[in-house]
Each structure stands twice: as C-alpha cells, then as structure tokens.
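Next up, upload_26.csv (CSV, C-alpha atoms):
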```
chain,number,residue,atom,x,y,z
A,1,MET,CA,-22.6,-7.2,12.7
A,2,THR,CA,-23.9,-5.2,9.8
A,3,LEU,CA,-21.3,-3.6,7.6
A,4,SER,CA,-21.6,-1.5,4.5
A,5,ILE,CA,-19.1,-0.9,1.7
A,6,ARG,CA,-19.3,2.4,-0.1
A,7,ARG,CA,-17.1,4.9,-1.9
A,8,ALA,CA,-15.2,7.1,0.5
A,9,ASP,CA,-16.6,10.4,1.7
A,10,PHE,CA,-13.5,12.7,1.7
A,11,SER,CA,-15.3,15.3,3.8
A,12,ASP,CA,-15.5,12.8,6.8
A,13,PRO,CA,-12.8,13.7,9.3
A,14,ALA,CA,-12.8,10.1,10.6
A,15,LEU,CA,-11.5,9.0,7.1
A,16,LYS,CA,-8.5,11.4,7.4
A,17,ASP,CA,-7.7,9.9,10.9
A,18,PHE,CA,-8.1,6.3,9.7
A,19,LEU,CA,-5.8,6.9,6.7
A,20,GLN,CA,-3.3,8.6,8.9
A,21,GLN,CA,-3.3,5.7,11.3
A,22,HIS,CA,-2.5,3.5,8.2
A,23,LEU,CA,0.5,5.6,7.4
A,24,ASP,CA,1.6,5.6,11.1
A,25,ASP,CA,1.4,1.8,11.2
A,26,LEU,CA,3.6,1.5,8.1
A,27,ALA,CA,6.2,4.1,9.2
A,28,PRO,CA,8.4,1.7,11.3
A,29,THR,CA,8.2,-1.1,8.7
A,30,ALA,CA,10.6,0.2,6.0
A,31,PRO,CA,12.6,3.3,5.0
A,32,PRO,CA,10.6,6.1,3.5
A,33,GLU,CA,11.7,5.3,-0.1
A,34,SER,CA,10.2,1.8,0.4
A,35,ARG,CA,6.8,2.9,1.7
A,36,HIS,CA,4.2,3.3,-1.1
A,37,ALA,CA,0.9,3.9,0.7
A,38,LEU,CA,-1.1,6.8,-0.7
A,39,ASP,CA,-1.9,9.7,1.6
A,40,LEU,CA,-5.3,11.5,1.7
A,41,THR,CA,-4.5,13.9,-1.2
A,42,ALA,CA,-3.2,11.1,-3.5
A,43,LEU,CA,-6.3,9.0,-2.8
A,44,GLN,CA,-8.4,11.9,-4.2
A,45,ALA,CA,-6.5,12.0,-7.5
A,46,PRO,CA,-8.3,11.2,-10.8
A,47,GLY,CA,-8.2,7.5,-11.5
A,48,VAL,CA,-8.2,6.4,-7.8
A,49,ARG,CA,-11.3,4.9,-6.3
A,50,LEU,CA,-11.3,4.6,-2.5
A,51,TRP,CA,-13.9,2.6,-0.5
A,52,THR,CA,-14.6,2.3,3.1
A,53,VAL,CA,-16.2,-0.4,5.2
A,54,THR,CA,-18.3,1.1,8.0
A,55,ALA,CA,-19.9,-0.6,11.0
A,56,GLU,CA,-23.5,0.0,12.2
A,57,ASP,CA,-22.4,2.9,14.3
A,58,GLY,CA,-20.8,4.6,11.3
A,59,ALA,CA,-17.2,3.9,12.3
A,60,ILE,CA,-14.8,3.2,9.5
A,61,VAL,CA,-13.3,-0.3,10.0
A,62,ALA,CA,-11.5,-0.9,6.7
A,63,THR,CA,-10.4,0.9,3.6
A,64,SER,CA,-9.0,0.0,0.2
A,65,ALA,CA,-8.5,1.7,-3.2
A,66,LEU,CA,-8.0,0.8,-6.8
A,67,ALA,CA,-5.7,3.2,-8.8
A,68,ALA,CA,-5.6,3.1,-12.6
A,69,LEU,CA,-2.1,2.2,-14.0
A,70,ALA,CA,-2.9,1.6,-17.7
A,71,PRO,CA,-6.1,0.7,-19.6
A,72,GLY,CA,-7.3,-2.6,-18.1
A,73,HIS,CA,-4.7,-2.6,-15.3
A,74,GLU,CA,-5.3,-1.2,-11.8
A,75,GLU,CA,-3.3,-1.3,-8.6
A,76,LEU,CA,-4.7,-2.2,-5.2
A,77,LYS,CA,-3.8,0.5,-2.7
A,78,SER,CA,-4.4,1.5,0.9
A,79,MET,CA,-5.8,-1.8,2.2
A,80,ARG,CA,-6.2,-1.5,5.9
A,81,THR,CA,-8.4,-3.0,8.6
A,82,ASP,CA,-8.8,-1.5,12.0
A,83,PRO,CA,-6.4,-3.6,14.2
A,84,LEU,CA,-9.3,-4.3,16.6
A,85,ARG,CA,-11.3,-5.9,13.8
A,86,ARG,CA,-8.6,-8.0,12.1
A,87,GLY,CA,-9.3,-11.7,11.7
A,88,GLN,CA,-13.0,-11.1,11.2
A,89,GLY,CA,-12.9,-11.4,7.4
A,90,LEU,CA,-13.3,-7.7,6.6
A,91,ALA,CA,-10.3,-7.5,4.4
A,92,ARG,CA,-11.4,-10.6,2.4
A,93,ARG,CA,-14.9,-9.1,2.0
A,94,LEU,CA,-13.5,-5.8,0.8
A,95,LEU,CA,-11.0,-7.4,-1.5
A,96,ASN,CA,-13.7,-9.5,-3.1
A,97,TYR,CA,-15.8,-6.4,-3.5
A,98,LEU,CA,-13.0,-4.4,-5.2
A,99,LEU,CA,-12.1,-7.3,-7.5
A,100,ALA,CA,-15.8,-7.6,-8.6
A,101,ASP,CA,-15.9,-3.8,-9.2
A,102,ALA,CA,-12.8,-4.0,-11.3
A,103,ALA,CA,-14.1,-6.9,-13.3
A,104,ALA,CA,-17.4,-5.2,-13.9
A,105,ARG,CA,-15.6,-2.2,-15.3
A,106,GLY,CA,-13.6,-4.4,-17.7
A,107,VAL,CA,-10.3,-4.3,-15.8
A,108,GLY,CA,-8.3,-7.4,-16.7
A,109,ARG,CA,-5.5,-7.2,-14.2
A,110,VAL,CA,-5.1,-6.0,-10.7
A,111,SER,CA,-1.6,-5.7,-9.2
A,112,LEU,CA,-0.3,-4.7,-5.8
A,113,GLU,CA,2.9,-3.9,-3.9
A,114,THR,CA,3.1,-4.9,-0.2
A,115,GLY,CA,5.9,-5.2,2.3
A,116,SER,CA,8.3,-8.2,2.5
A,117,MET,CA,8.5,-8.0,6.3
A,118,ASP,CA,6.7,-10.2,8.8
A,119,PHE,CA,4.2,-7.4,9.5
A,120,PHE,CA,2.8,-7.9,6.0
A,121,ALA,CA,2.6,-11.8,6.1
A,122,PRO,CA,-1.2,-11.8,6.8
A,123,ALA,CA,-1.7,-9.5,3.8
A,124,ARG,CA,0.4,-11.6,1.5
A,125,ALA,CA,-1.5,-14.7,2.6
A,126,LEU,CA,-4.8,-13.0,1.9
A,127,TYR,CA,-3.7,-11.9,-1.5
A,128,ALA,CA,-2.3,-15.4,-2.4
A,129,SER,CA,-5.6,-17.0,-1.2
A,130,ALA,CA,-7.5,-14.7,-3.6
A,131,GLY,CA,-5.3,-15.9,-6.5
A,132,PHE,CA,-2.6,-13.2,-6.6
A,133,THR,CA,0.8,-14.5,-7.6
A,134,ARG,CA,4.2,-12.9,-7.3
A,135,CYS,CA,5.3,-10.8,-10.3
A,136,PRO,CA,8.1,-8.4,-11.2
A,137,PRO,CA,7.8,-4.7,-10.3
A,138,PHE,CA,5.1,-3.0,-12.4
A,139,GLY,CA,4.3,0.7,-13.2
A,140,SER,CA,7.0,2.9,-11.7
A,141,TYR,CA,8.1,0.4,-9.1
A,142,ARG,CA,11.7,-0.9,-9.0
A,143,GLU,CA,13.1,-4.0,-7.4
A,144,ASP,CA,13.3,-3.4,-3.6
A,145,PRO,CA,14.1,-6.0,-0.9
A,146,ASN,CA,11.3,-4.3,1.2
A,147,SER,CA,8.6,-5.0,-1.4
A,148,VAL,CA,6.7,-7.9,-2.7
A,149,PHE,CA,4.8,-7.5,-6.0
A,150,MET,CA,1.8,-9.5,-6.9
A,151,THR,CA,-0.8,-9.6,-9.7
A,152,LEU,CA,-4.1,-11.2,-10.6
A,153,GLU,CA,-5.6,-11.7,-14.0
A,154,LEU,CA,-9.4,-11.2,-13.7
A,155,PRO,CA,-11.8,-13.2,-15.8
A,156,PRO,CA,-13.8,-11.3,-18.4
A,157,SER,CA,-17.1,-10.1,-17.0
A,158,SER,CA,-20.2,-11.5,-18.6
```

Spell out the structure here as structure tokens.
Amino acid sequence: MTLSIRRADFSDPALKDFLQQHLDDLAPTAPPESRHALDLTALQAPGVRLWTVTAEDGAIVATSALAALAPGHEELKSMRTDPLRRGQGLARRLLNYLLADAAARGVGRVSLETGSMDFFAPARALYASAGFTRCPPFGSYREDPNSVFMTLELPPSS
C-alpha cells in the first residue's frame, strides 16, 4: 500500500468529513469541557500545521497537526486514523513524520493532551512508545480527570 503524507488541503471536502468523524468519535468519551480536539476552523489558524495521510486512491486515512504553544514548544493535535485502517502502523508513521518536522524546525518540545478513558489506551501506548512521558497540564489546560498530559523533549537537529 502506497501512502503519502502532505500538508492538508482545506478545500478538500473529504478533509472536512474526516475531521467531523473525529469529533463525532470523541463526543461520547467525555463531557464537552473535557474535549479538546480542534475543529476545521481552528486547524486553519496561524501557528497550526495539519497533515493528512492519503492512500493510493486519494482517500484520507489519517490526520494530525502541530500547534504552536510558545517558541520551541508545540502541541500534537487532531491525531486520527480511519477506524478501518487502525493497527497498520499509520499513526506511528505519521507521528514520526511530525516529530521529524518539528525537530527540523528547531522545536525542542512537543506535548499533547489525550483522554484518560479506555478508548484512548492505544493512543497513550503509541505516545509512550515514542518516548512521551506524563507531565502536568501545559498551556491553557487545567487538571482534569478525563485528560492525560504527555510531553517529549526533542533532540536538537543537526
């Protein structure tokens, strides 16, 4: 299977649908005040970089974004793999790509917020396997029993 990773094309209606499915998947997992996924408009804000993974047929099969928090510190956002494609290594490949992009741009730290519920256990395992460790809330986040906060220090790029 040939896949390509590229910056998102916000004019693609399939992107809007894919991102809405992400929000729909998250809706039953926590109360609204504990859901922090970005919608289509927020993903187009300055300082946010959204990527898509597309299959040979052009279908979007995964997305993820990096959002600037402070100089040298970005947040991983909107990580989603099509449910029919989970377990194929797409999320790992995309995560590695985003971390390499961040490091190449001189970002020294990437943090994330994910859910504490069982639904998010595979995501937490992926992030931990990539070297992310639990941390206190960062940015504008507050302690929340529905959230797990993780961070990763990136090595300086050479």

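Across the structure, CA of Gly47 (chain A) and CA of Gly139 (chain A) are spaced 14.3 Å apart.
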
May I have the residues within 10 Å of region 38-46 of chain A as a list of chain:residue names, using all atoms listed in the file and disregarding those fewer than 6 positions away in the same chain? A:Ala8, A:Phe10, A:Leu15, A:Lys16, A:Asp17, A:Phe18, A:Leu19, A:Gln20, A:His22, A:Leu23, A:Ser64, A:Ala65, A:Leu66, A:Ala67, A:Ala68, A:Lys77, A:Ser78

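Atom pair CA of Gly106 (chain A) / CA of Thr133 (chain A): separated by 20.3 Å.
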
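The shortest atom-to-atom distance to Thr52 (chain A), with all atoms listed in the file taken into account, belongs to A:Met79 out of A:Ala130, A:Leu154, A:Ala103, A:Met79.
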
Residues within 12 Å of Arg105 (chain A), only C-alpha atoms, excluding chain neighbours under 6 positions, as a PyMOL selection string: chain A and resi 66+68+71-74+98-99+154-158

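Using only C-alpha atoms, the shortest contact distance between Arg109 (chain A) and any of A:Ser129, A:Thr151, A:Ser4, A:Thr63 is found at A:Thr151.
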
Which value, in Å to one decimal, gives the distance between CA of Gly87 (chain A) and CA of Met117 (chain A)? 19.0 Å

Spatial neighbours of region 119-126 of chain A, max dist 8 Å, all atoms listed in the file, sep filter under 5 positions, as a PyMOL selection string: chain A and resi 29+92+114

Resulting file, chosen residues, C-alpha atoms, as a PDB file, in the coordinates of the input:
```pdb
ATOM      1  CA  THR A  29       8.200  -1.100   8.700  1.00  0.00           C
ATOM      2  CA  ARG A  92     -11.400 -10.600   2.400  1.00  0.00           C
ATOM      3  CA  THR A 114       3.100  -4.900  -0.200  1.00  0.00           C
TER       4      THR A 114
END
```

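Considering all atoms listed in the file, the residue among A:Glu153, A:Phe132, A:Leu90, A:Asp82 positioned nearest to Gly108 (chain A) is A:Glu153.
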
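Nearest residue to Arg142 (chain A), choosing from A:Ala55, A:Val48, A:Glu113, A:Val61 and counting all atoms listed in the file: A:Glu113.
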
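Of the listed residues (A:Leu69, A:Leu50, A:Leu84, A:Leu94), A:Leu94 comes nearest to Leu3 (chain A); the distances count all atoms listed in the file.
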